[in-house]
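> Here you go, one structure.
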Amino acid sequence: MIGHIKPETEISRHATRLASRKRKKVQALYVLSRRSLWEILLFLLLSIGVFSFREFDLFAAASEPVRQLLGYPPPAILINIALATYLFSAVTILLVRMANVTRPEQKWTQLGYRTVFYLFYSFSGTLSSHFIAVFSIGMLLYALEQGHLWLYTQKLVRREQELLSES
């Protein structure tokens, strides 16, 4: 016997398993991509709402007992430092994940981190002058996450094509 020849049914079962596995991976990527797009849409909607009230001073709107309880609002420079620190750490984590070609993680907490800066600036009374910075940083981070998702998807597609060509 020259080589081991697989029966036709075994070959078709193997092809069916490969196709099923590929469909599941592609479906998981679609789910991940859709969830990321929903998060971007929600960020945009929240930003539009915040933009409408960018002149609103949250601290001045609070009652006197609440203002005494909270104390003075933080100066904008401290919020700027916190925003820069968040940007630097988020970009660093994203770039490391992109370099290692790890599976993208989509967490709804990122939406909270990105939008809470609107609240901080509103509390300090400087939202109107810092709105564009918060919005731009949020969109930059979402763009990097989409780039990471695209790179990861391309790597998986290439790997699946190699597996299909080998079988």
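Residue numbering restarts at 1 for every chain of the structure tokens, chains are lettered A, B, ... in their displayed order, and ligands are numbered from 1 as they appear.
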Which neighbours of Val101 in chain A fall inside 12 Å, counting only C-alpha atoms, when residues of the same chain fewer than 5 positions from it are skipped, and could you give them as a PyMOL selection string?
chain A and resi 94-96+147-156
> Can you tell me which residues surround Glu105 in chain A at a distance of at most 12 Å, considering only C-alpha atoms, apart from same-chain residues fewer than 3 positions away, and format the answer as a PyMOL selection string?
chain A and resi 29+31-33+35-36+93-94+97-98+101-102+108-110+145-146+148-149+152
> Using C-alpha atoms, can you write the selected residues to a file as a PDB file, in the first residue's frame?

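The resulting file, part-v5.pdb, is reproduced below:
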ATOM      1  CA  LEU A  29     -15.803  37.977  15.314  1.00  0.00           C
ATOM      2  CA  VAL A  31     -20.484  39.546  17.463  1.00  0.00           C
ATOM      3  CA  LEU A  32     -17.340  41.237  18.763  1.00  0.00           C
ATOM      4  CA  SER A  33     -17.395  43.773  15.930  1.00  0.00           C
ATOM      5  CA  ARG A  35     -20.689  45.079  20.107  1.00  0.00           C
ATOM      6  CA  SER A  36     -17.813  47.468  19.461  1.00  0.00           C
ATOM      7  CA  ILE A  93      -2.329  48.417  26.410  1.00  0.00           C
ATOM      8  CA  LEU A  94      -3.900  48.491  22.941  1.00  0.00           C
ATOM      9  CA  ARG A  97      -2.232  43.675  22.373  1.00  0.00           C
ATOM     10  CA  MET A  98      -1.908  44.613  18.700  1.00  0.00           C
ATOM     11  CA  VAL A 101      -1.952  39.720  18.062  1.00  0.00           C
ATOM     12  CA  THR A 102      -4.140  38.773  21.001  1.00  0.00           C
ATOM     13  CA  TRP A 108     -18.438  48.252  28.281  1.00  0.00           C
ATOM     14  CA  THR A 109     -16.448  49.780  31.125  1.00  0.00           C
ATOM     15  CA  GLN A 110     -14.350  51.605  28.525  1.00  0.00           C
ATOM     16  CA  GLU A 145      -9.675  49.295  18.947  1.00  0.00           C
ATOM     17  CA  GLN A 146     -11.259  48.890  15.503  1.00  0.00           C
ATOM     18  CA  HIS A 148      -6.878  45.976  16.491  1.00  0.00           C
ATOM     19  CA  LEU A 149     -10.055  44.081  15.655  1.00  0.00           C
ATOM     20  CA  TYR A 152      -6.833  40.202  14.505  1.00  0.00           C
TER      21      TYR A 152
END
> Determine which residues of chain A receive a DSSP assignment of helix (DSSP H, G or I), computed from the backbone, and state them as a VMD selection string.
chain A and resid 8 to 52 58 to 61 64 to 70 76 to 100 109 to 124 127 to 166
> Wanna dump the range 86-137 of chain A-range 59-75 of chain A contacts at 8 Å for me, each residue with its shortest atom pair and the distance in Å to one decimal, counting only C-alpha atoms, ordered by chain and number, as JSON lines?

{"residue": "A:Ser122", "atom": "CA", "partner": "A:Phe59", "partner_atom": "CA", "distance": 7.6}
{"residue": "A:Phe123", "atom": "CA", "partner": "A:Phe59", "partner_atom": "CA", "distance": 5.0}
{"residue": "A:Ser124", "atom": "CA", "partner": "A:Pro73", "partner_atom": "CA", "distance": 5.1}
{"residue": "A:Gly125", "atom": "CA", "partner": "A:Phe59", "partner_atom": "CA", "distance": 7.1}
> Just to be explicit: take each residue in the selection above, keep N, CA, C and O atoms, and write the result as an mmCIF file, in the first residue's frame.

data_model
loop_
_atom_site.group_PDB
_atom_site.id
_atom_site.type_symbol
_atom_site.label_atom_id
_atom_site.label_comp_id
_atom_site.auth_asym_id
_atom_site.auth_seq_id
_atom_site.Cartn_x
_atom_site.Cartn_y
_atom_site.Cartn_z
ATOM 1 N N SER A 122 -17.543 68.947 33.611
ATOM 2 C CA SER A 122 -18.765 69.671 33.923
ATOM 3 C C SER A 122 -18.782 70.082 35.391
ATOM 4 O O SER A 122 -19.197 71.194 35.734
ATOM 5 N N PHE A 123 -18.300 69.201 36.246
ATOM 6 C CA PHE A 123 -18.243 69.498 37.675
ATOM 7 C C PHE A 123 -17.279 70.650 37.947
ATOM 8 O O PHE A 123 -17.514 71.479 38.822
ATOM 9 N N SER A 124 -16.185 70.719 37.182
ATOM 10 C CA SER A 124 -15.227 71.809 37.387
ATOM 11 C C SER A 124 -15.627 73.077 36.634
ATOM 12 O O SER A 124 -14.961 74.106 36.775
ATOM 13 N N GLY A 125 -16.689 73.000 35.804
ATOM 14 C CA GLY A 125 -17.166 74.174 35.085
ATOM 15 C C GLY A 125 -16.378 74.488 33.831
ATOM 16 O O GLY A 125 -16.488 75.586 33.282
#
> Using only C-alpha atoms, find the one residue out of A:Ala84, A:Leu78, A:Gly138, A:Arg54 that sits nearest to Gly112 in chain A.
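Looking only at the distances to Gly112 in chain A, the closest residue turns out to be A:Gly138.
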> Would you work out the distance separating CA of His130 in chain A from CA of Ala76 in chain A, expressed in Å to one decimal?
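Computed distance, CA of His130 in chain A to CA of Ala76 in chain A, equals 8.8 Å.
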> Determine, counting only C-alpha atoms, which protein, DNA and RNA residues have an atom within 12 Å of an atom of Arg114 in chain A; residues of the same chain fewer than 5 positions away are not included. Present the result as a PyMOL selection string.
chain A and resi 39-40+42-44+46-47+82-84+86-87+90+107-109+119-120+131+133-142
> Taking into account only C-alpha atoms, which residue in the set A:Trp38, A:Gln27, A:Leu127, A:Ser165 is nearest to Gln106 in chain A?
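With only C-alpha atoms as the atom set, the closest residue is A:Trp38.
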> Restricting the calculation to only C-alpha atoms: of A:Leu144, A:Arg34, A:Ile79, A:Ile132, which residue gets closest to Val116 in chain A?
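Using only C-alpha atoms, the shortest distance to Val116 in chain A belongs to A:Ile79.
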